[in-house]
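Below is the file structure-v6.txt, which contains compact mmCIF, C-alpha atoms.
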```
# COMPACT_ATOMS: atom_id res chain seq x y z
CA MET A 1 45.23 65.72 119.14
CA ASP A 2 42.17 66.57 117.09
CA GLY A 3 40.54 63.14 117.04
CA VAL A 4 38.90 63.32 113.61
CA GLY A 5 38.70 59.89 111.98
CA GLY A 6 40.33 59.68 108.56
CA ILE A 7 42.06 63.06 108.97
CA SER A 8 44.13 63.24 112.15
CA GLN A 9 43.86 59.61 113.25
CA ASP A 10 42.45 56.20 112.43
CA PRO A 11 39.13 55.46 114.14
CA ILE A 12 39.48 53.72 117.52
CA LYS A 13 38.49 50.10 116.92
CA PRO A 14 36.38 48.05 119.36
CA GLY A 15 38.45 46.96 122.35
CA LYS A 16 41.21 49.50 121.58
CA SER A 17 41.99 52.84 123.21
CA CYS A 18 43.59 56.20 122.50
CA THR A 19 45.01 58.66 125.04
CA TYR A 20 44.67 62.36 124.17
CA GLU A 21 47.13 64.90 125.54
CA PHE A 22 46.84 68.63 124.88
CA HIS A 23 47.51 72.03 126.45
CA LEU A 24 44.69 74.18 127.83
CA SER A 25 45.67 77.53 126.38
CA LYS A 26 42.61 79.64 127.23
CA PRO A 27 39.64 79.59 129.62
CA GLY A 28 36.11 79.00 128.38
CA THR A 29 33.47 76.42 127.54
CA PHE A 30 34.43 73.71 125.07
CA MET A 31 32.93 70.41 123.95
CA PHE A 32 34.24 67.04 122.83
CA HIS A 33 32.52 64.29 120.89
CA SER A 34 33.06 61.32 118.65
CA HIS A 35 34.02 62.28 115.11
CA VAL A 36 33.26 58.98 113.36
CA ASN A 37 29.73 58.04 112.30
CA LEU A 38 28.81 61.40 113.72
CA TYR A 39 25.03 61.41 113.50
CA ASN A 40 24.53 58.08 115.27
CA GLN A 41 27.35 58.26 117.79
CA VAL A 42 26.54 61.78 118.96
CA ASN A 43 22.75 61.95 118.68
CA SER A 44 21.79 58.38 119.54
CA GLU A 45 24.76 56.98 121.48
CA LEU A 46 25.41 60.28 123.31
CA LEU A 47 29.20 60.20 122.88
CA PHE A 48 29.82 63.82 123.83
CA GLY A 49 30.69 65.99 126.80
CA THR A 50 31.76 69.45 127.99
CA LEU A 51 35.22 70.68 128.90
CA ILE A 52 35.15 73.70 131.21
CA VAL A 53 38.41 75.61 131.56
CA GLU A 54 38.13 78.11 134.41
CA ASP A 55 40.08 81.36 134.58
CA LYS A 56 42.31 81.16 137.64
CA ASN A 57 42.42 84.96 137.75
CA GLN A 58 38.65 85.30 138.16
CA GLN A 59 36.57 84.56 141.23
CA SER A 60 34.95 81.14 141.00
CA TYR A 61 31.18 80.75 141.35
CA LYS A 62 29.80 78.52 144.10
CA ASN A 63 26.58 78.16 142.11
CA LYS A 64 27.65 76.73 138.76
CA GLU A 65 26.45 74.04 136.40
CA SER A 66 27.32 72.78 132.92
CA LEU A 67 24.41 72.07 130.59
CA ILE A 68 24.85 70.34 127.23
CA PHE A 69 21.72 70.22 125.08
CA ASN A 70 21.10 67.56 122.47
CA TYR A 71 18.25 66.21 120.38
CA GLU A 72 17.77 62.46 120.63
CA PRO A 73 16.03 61.22 117.44
CA THR A 74 15.24 57.75 118.80
CA ASN A 75 12.81 59.14 121.37
CA ASP A 76 12.07 62.40 119.54
CA LEU A 77 12.99 64.60 122.48
CA ASN A 78 15.41 67.28 123.59
CA THR A 79 17.82 66.26 126.32
CA VAL A 80 20.13 68.04 128.71
CA ASN A 81 23.18 66.14 129.99
CA GLY A 82 21.56 63.04 128.49
CA LEU A 83 18.33 63.51 130.51
CA ASN A 84 14.89 64.68 129.43
CA MET A 85 14.66 66.65 132.70
CA LYS A 86 17.39 67.85 135.06
CA ASN A 87 17.01 69.10 138.63
CA ILE A 88 19.62 71.46 140.06
CA THR A 89 19.76 72.59 143.69
CA PHE A 90 21.81 75.57 144.85
CA ASN A 91 22.11 76.47 148.50
CA SER A 92 23.34 80.06 148.59
CA ASN A 93 22.00 83.41 147.45
CA GLU A 94 24.88 84.02 145.05
CA ASN A 95 24.44 84.50 141.32
CA ILE A 96 24.46 81.41 139.11
CA LYS A 97 27.03 80.54 136.44
CA LEU A 98 25.79 78.35 133.58
CA ASN A 99 28.11 76.91 130.94
CA ILE A 100 25.81 76.03 128.04
CA VAL A 101 26.66 73.89 125.00
CA ASN A 102 24.28 73.25 122.11
CA ILE A 103 25.34 70.02 120.41
CA ALA A 104 21.87 69.37 118.97
CA SER A 105 21.61 69.36 115.18
CA THR A 106 19.22 72.31 115.37
CA PRO A 107 19.40 75.69 117.08
CA ILE A 108 17.71 75.97 120.47
CA SER A 109 15.88 78.72 122.30
CA LEU A 110 16.02 78.82 126.08
CA TYR A 111 13.67 80.75 128.35
CA PHE A 112 14.54 81.26 132.00
CA GLY A 113 11.26 82.60 133.39
CA ASP A 114 9.60 85.99 133.65
CA ASN A 115 11.46 87.04 136.78
CA VAL A 116 14.85 85.59 135.85
CA SER A 117 17.48 87.80 134.22
CA TYR A 118 20.74 86.70 132.64
CA LYS A 119 23.77 88.27 131.00
CA ILE A 120 26.22 86.71 128.54
CA ASN A 121 29.85 86.48 129.64
CA SER A 122 31.43 84.70 126.68
CA VAL A 123 30.66 82.84 123.45
CA ASP A 124 32.94 80.13 122.03
CA ALA A 125 35.44 81.00 124.81
CA HIS A 126 35.57 84.67 123.74
CA ASN A 127 34.60 87.27 126.33
CA VAL A 128 31.88 89.68 125.27
CA THR A 129 31.32 93.33 126.13
CA SER A 130 27.51 93.02 126.35
CA SER A 131 26.97 93.22 130.10
CA TYR A 132 23.26 94.03 130.34
CA TYR A 133 20.72 91.67 131.88
CA THR A 134 17.63 90.49 130.01
CA ASN A 135 14.86 87.92 130.42
CA GLN A 136 14.10 87.34 126.75
CA SER A 137 14.41 83.88 125.23
CA LEU A 138 17.96 83.19 124.03
CA TYR A 139 18.49 81.65 120.58
CA ILE A 140 21.71 79.57 120.52
CA PRO A 141 22.87 78.16 117.16
CA THR A 142 24.19 74.62 116.91
CA ALA A 143 27.75 74.05 118.24
CA ASN A 144 28.04 77.47 119.88
CA ARG A 145 28.93 77.58 123.57
CA VAL A 146 27.69 80.29 125.91
CA ASP A 147 28.63 81.26 129.47
CA LEU A 148 25.81 82.98 131.36
CA THR A 149 25.38 84.68 134.72
CA ILE A 150 21.86 84.51 136.14
CA LYS A 151 20.78 86.90 138.89
CA ASN A 152 19.84 84.90 141.95
CA THR A 153 16.46 86.05 143.28
CA ASN A 154 16.32 83.15 145.75
CA LYS A 155 13.25 81.83 143.94
CA ASN A 156 12.91 78.54 142.16
CA PHE A 157 12.52 78.68 138.40
CA ILE A 158 12.20 76.53 135.28
CA ILE A 159 14.35 76.66 132.14
CA TYR A 160 12.23 75.96 129.07
CA ILE A 161 13.51 74.84 125.68
CA LYS A 162 11.72 75.56 122.40
CA ASP A 163 11.76 72.47 120.19
CA TYR A 164 11.56 72.11 116.41
CA THR A 165 7.73 72.21 116.59
CA ASN A 166 7.94 75.65 118.27
CA ASN A 167 6.61 74.30 121.56
CA PHE A 168 8.27 75.20 124.86
CA ASN A 169 9.01 72.25 127.15
CA GLU A 170 10.39 72.14 130.66
CA ILE A 171 14.01 70.94 130.57
CA VAL A 172 15.68 72.13 133.82
CA HIS A 173 14.28 72.82 137.31
CA VAL A 174 16.46 75.15 139.40
CA ASN A 175 15.80 74.91 143.13
CA LEU A 176 16.92 77.86 145.25
CA SER A 177 14.45 77.79 148.12
CA LYS A 178 11.99 75.51 149.88
CA ASN A 179 9.11 77.10 148.01
CA ASN A 180 7.53 75.36 145.05
CA ILE A 181 8.33 76.48 141.54
CA SER A 182 5.64 78.89 140.42
CA GLN A 183 4.02 77.89 137.16
CA ILE A 184 4.41 80.29 134.26
CA SER A 185 1.68 81.19 131.86
CA LYS A 186 2.54 79.53 128.53
CA ASN A 187 1.56 82.56 126.48
CA LYS A 188 4.37 84.52 128.13
CA LEU A 189 6.91 82.23 126.56
CA TYR A 190 6.20 83.26 122.98
CA LYS A 191 8.08 86.51 123.01
CA SER A 192 10.76 87.22 120.45
CA ASP A 193 14.11 85.51 120.94
CA ASN A 194 17.40 87.25 121.52
CA TYR A 195 19.37 86.00 118.53
CA LEU A 196 22.82 85.33 119.93
CA TYR A 197 24.91 87.04 117.25
CA ASN A 198 22.84 90.23 117.42
CA ILE A 199 23.40 90.90 121.11
CA ILE A 200 27.08 90.16 121.60
CA ASN A 201 30.29 91.96 120.75
CA THR A 202 33.48 90.05 121.54
CA ASN A 203 36.09 92.20 123.23
CA GLU A 204 38.82 90.98 120.90
CA ASN A 205 39.39 90.95 117.17
CA LEU A 206 41.79 89.11 114.91
CA ASP A 207 43.13 92.21 113.14
CA VAL A 208 41.81 90.97 109.81
CA LYS A 209 39.47 93.75 108.71
CA ASP A 210 40.53 96.31 106.12
CA LYS A 211 43.17 93.95 104.77
CA ILE A 212 43.49 92.06 101.51
CA PRO A 213 43.21 88.27 101.89
CA ASP A 214 45.94 86.05 100.48
CA LYS A 215 43.46 83.27 99.72
CA THR A 216 39.69 83.52 99.12
CA PHE A 217 37.33 80.56 98.82
CA ASP A 218 33.68 80.56 97.75
CA MET A 219 31.46 77.80 99.15
CA THR A 220 27.85 77.34 98.01
CA LEU A 221 25.79 75.15 100.35
CA ASP A 222 22.98 73.17 98.76
CA MET A 223 21.23 69.80 98.56
CA GLN A 224 21.45 67.50 95.54
CA HIS A 225 20.33 63.90 95.08
CA MET A 226 19.67 63.49 98.84
CA ASN A 227 23.17 64.70 99.69
CA TRP A 228 24.11 67.98 101.32
CA VAL A 229 26.82 69.43 99.08
CA ILE A 230 29.48 72.14 98.88
CA ASN A 231 29.91 73.53 95.38
CA ASN A 232 27.91 70.59 93.99
CA LYS A 233 30.09 67.93 95.66
CA ALA A 234 29.61 65.77 98.75
CA TYR A 235 32.47 64.80 101.07
CA PRO A 236 34.89 63.13 100.52
CA LYS A 237 34.75 64.49 96.95
CA THR A 238 34.62 68.11 98.10
CA SER A 239 37.66 70.23 97.25
CA PRO A 240 39.93 70.95 100.24
CA LEU A 241 40.82 74.55 101.03
CA LYS A 242 44.58 74.73 100.41
CA VAL A 243 46.56 77.40 102.27
CA ASP A 244 50.10 78.27 103.32
CA GLU A 245 51.10 79.07 106.87
CA GLY A 246 50.71 82.80 107.48
CA ASP A 247 48.02 83.32 104.81
CA LEU A 248 45.14 85.66 105.55
CA VAL A 249 42.19 83.50 104.50
CA GLN A 250 38.66 84.55 103.59
CA ILE A 251 35.80 82.08 103.10
CA ASN A 252 32.47 83.19 101.61
CA LEU A 253 29.68 80.81 102.65
CA THR A 254 26.42 81.07 100.72
CA SER A 255 23.31 79.04 101.50
CA THR A 256 20.88 78.43 98.65
CA GLY A 257 18.12 78.12 101.24
CA HIS A 258 17.18 74.56 100.23
CA MET A 259 14.47 73.28 102.60
CA ASN A 260 14.95 76.55 104.52
CA SER A 261 17.83 74.88 106.37
CA VAL A 262 20.47 76.62 108.47
CA HIS A 263 24.08 75.43 108.30
CA PRO A 264 26.24 75.95 111.42
CA PHE A 265 29.77 75.74 110.00
CA HIS A 266 32.54 74.78 112.41
CA LEU A 267 36.25 75.17 111.70
CA HIS A 268 38.64 72.95 113.64
CA GLY A 269 41.92 74.32 114.97
CA HIS A 270 41.17 77.99 114.28
CA GLU A 271 39.06 80.98 115.21
CA PHE A 272 37.64 83.40 112.66
CA GLU A 273 36.00 86.79 112.53
CA LEU A 274 32.75 87.59 110.74
CA ILE A 275 33.65 90.23 108.15
CA SER A 276 30.46 90.81 106.21
CA LEU A 277 26.88 89.67 105.73
CA ASP A 278 25.52 89.76 102.19
CA GLY A 279 28.40 91.99 101.16
CA LYS A 280 27.83 94.59 103.87
CA GLN A 281 30.56 95.00 106.46
CA PHE A 282 29.77 93.56 109.87
CA ASN A 283 30.73 96.34 112.25
CA ASN A 284 30.80 94.49 115.57
CA ASN A 285 33.68 92.27 116.59
CA LEU A 286 32.37 88.73 116.35
CA VAL A 287 35.09 86.11 116.80
CA LEU A 288 33.85 82.50 116.86
CA ASP A 289 34.76 79.00 115.75
CA THR A 290 31.22 78.18 114.55
CA ILE A 291 28.95 80.43 112.48
CA GLU A 292 25.33 79.71 111.60
CA ILE A 293 24.65 80.32 107.90
CA LYS A 294 21.02 81.32 107.50
CA PRO A 295 19.04 80.49 104.32
CA ASN A 296 19.58 82.68 101.27
CA HIS A 297 22.45 84.66 102.81
CA THR A 298 26.20 84.96 102.34
CA TYR A 299 28.52 85.15 105.34
CA SER A 300 32.19 86.07 104.88
CA ILE A 301 34.67 85.00 107.54
CA ARG A 302 38.38 85.74 107.77
CA PHE A 303 41.30 84.33 109.77
CA TYR A 304 45.04 83.85 109.74
CA ALA A 305 46.35 80.40 108.84
CA ASN A 306 48.44 80.05 112.00
CA ASN A 307 48.01 76.39 112.99
CA PRO A 308 49.57 74.08 110.38
CA GLY A 309 48.01 70.70 109.72
CA ILE A 310 44.87 69.27 108.14
CA TRP A 311 41.64 70.42 109.78
CA ALA A 312 37.97 69.54 109.38
CA PHE A 313 35.56 72.28 108.26
CA HIS A 314 31.99 71.08 108.27
CA CYS A 315 28.34 71.78 108.95
CA HIS A 316 27.62 70.89 112.59
CA ASP A 317 24.09 69.80 111.76
CA LEU A 318 25.29 66.23 111.98
CA ASN A 319 22.66 64.99 109.56
CA HIS A 320 24.04 67.43 106.98
CA SER A 321 27.68 66.60 107.56
CA SER A 322 27.04 62.85 107.51
CA LYS A 323 25.45 63.34 104.10
CA GLY A 324 28.34 65.24 102.60
CA MET A 325 28.48 68.85 103.83
CA ALA A 326 32.12 68.78 104.93
CA THR A 327 35.59 69.57 103.67
CA THR A 328 39.07 70.18 105.06
CA LEU A 329 41.48 73.07 105.49
CA ASN A 330 44.80 71.74 104.19
CA TYR A 331 48.14 73.45 104.79
CA ASN A 332 50.47 72.87 101.87
CA GLY A 333 53.19 70.40 102.78
CA TYR A 334 51.05 68.42 105.21
CA GLU A 335 49.59 65.02 104.46
CA THR A 336 47.73 62.39 106.43
CA ASN A 337 47.97 58.64 106.39
CA ALA A 338 44.88 58.25 108.58
CA LYS A 339 42.32 55.74 107.36
CA GLY A 340 38.54 55.91 107.51
CA SER A 341 36.27 58.93 107.30
CA MET A 342 35.29 61.74 109.68
CA GLU A 343 31.63 61.19 108.85
```
Would it be possible to restate this file's structure as structure tokens?
Amino acid sequence: MDGVGGISQDPIKPGKSCTYEFHLSKPGTFMFHSHVNLYNQVNSELLFGTLIVEDKNQQSYKNKESLIFNYEPTNDLNTVNGLNMKNITFNSNENIKLNIVNIASTPISLYFGDNVSYKINSVDAHNVTSSYYTNQSLYIPTANRVDLTIKNTNKNFIIYIKDYTNNFNEIVHVNLSKNNISQISKNKLYKSDNYLYNIINTNENLDVKDKIPDKTFDMTLDMQHMNWVINNKAYPKTSPLKVDEGDLVQINLTSTGHMNSVHPFHLHGHEFELISLDGKQFNNNLVLDTIEIKPNHTYSIRFYANNPGIWAFHCHDLNHSSKGMATTLNYNGYETNAKGSME
């Protein structure tokens, strides 16, 4: 039940419906969204949401909130849960759990205030070993999901978001007491960000390092003739990645740096491990389902082909994917009769 138009199903026509049934196999923060006419239906029509799967073996937070950040091009503003400003009120002195999703077509930086400290619990539903608290801005690439714990100081605070113009804007007010929110000096906001991938280490790995891949694919990400392309082709003319069940697969993603753009690549139906950056082994365990490819760099990811079918693999900057930066992971022996296009 993947929901991708033209790959796993026909698009749902006006006045029709589709019921999705699936097993929740692991706890964590997930998202769902339309996968037809992506740029318009997600960014402008706001057809997206969060799916929070809680771990029944862990103590639940009383203070918890899900925040999904988007950029709405029509009004040129960042939104959270479809709003340009959200107010949250918590009544107890307990710590705060935030499930954060970035579905905007650009990375975001969040700042929680000078006196507010947070720690990261998981990324893309993978628990991390980094347990320290910090109050630096947090840089979250597009399509990554982050679970945070915020220390409750029983003081109101503001969450700021840094937009594409590098300005910080108020996006969430958190009310914990009857006192007013103290205003923060703007110049304190411009400290360096904590880049997400640099400060986490997932406490699991896929057992893929120090092994020889069965299949290796090279993908060069560029722009040509107003299309965003993979190896000089725009979807649906891009070449699918053909694998057999059980293959150890490596994909080398290289950005040419055109327009200094980042490309957050998301693989449906699988998780992968970052193996190397620019040919140098990546020593931490970093298991994700979306990896941001920075300009003029090569990222190598590796995973086992353990979920047969036909799966989308695309840039989650929806402007990029709608203009061609997408392909599919195809297991040999599987075909689709679905009509339409995922973009």
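Counting from atom CA of A:Asn307, the distance to atom CA of A:Gly269 is 6.7 Å.
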field: Point (25.2, 86.6, 109.0) neighbourhood (12 Å, all atoms listed in the file) written as a PyMOL selection string
entry: chain A and resi 141+195-198+252-255+262-265+273-284+286+290-301
query: Which residue, A:Arg145, A:Lys86, A:Lys119, A:Lys155, has the smallest gap to A:Ile171 when you use only C-alpha atoms?
result: A:Lys86
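Across the structure, atom CA of A:Ala104 and atom CA of A:Met342 are spaced 18.0 Å apart.
In this structure, atom CA of A:Ala305 sits 11.1 Å away from atom CA of A:Asn332.
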query: If we count all atoms listed in the file, what is near A:Asn319 at a cut-off of 10 Å, once residues fewer than 5 positions away on the same chain are taken out, given as an MDAnalysis selection string?
result: chainID A and resid 38:40 43 105:106 227:228 324:325 343
Within-9 Å shell of (18.0, 75.3, 144.0) in input frame, only C-alpha atoms, as a list in words: Asn87, Ile88, Thr89, Phe90, Asn91, Ser92, Asn154, Lys155, Asn156, Phe157, His173, Val174, Asn175, Leu176, Ser177 and Lys178 of chain A
Go ahead and dump the residues you just picked, C-alpha atoms, as a compact mmCIF listing (two decimals), keeping the file's coordinate frame.
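Output (selection01.txt):
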```txt
# COMPACT_ATOMS: atom_id res chain seq x y z
CA ASN A 87 17.01 69.10 138.63
CA ILE A 88 19.62 71.46 140.06
CA THR A 89 19.76 72.59 143.69
CA PHE A 90 21.81 75.57 144.85
CA ASN A 91 22.11 76.47 148.50
CA SER A 92 23.34 80.06 148.59
CA ASN A 154 16.32 83.15 145.75
CA LYS A 155 13.25 81.83 143.94
CA ASN A 156 12.91 78.54 142.16
CA PHE A 157 12.52 78.68 138.40
CA HIS A 173 14.28 72.82 137.31
CA VAL A 174 16.46 75.15 139.40
CA ASN A 175 15.80 74.91 143.13
CA LEU A 176 16.92 77.86 145.25
CA SER A 177 14.45 77.79 148.12
CA LYS A 178 11.99 75.51 149.88
```
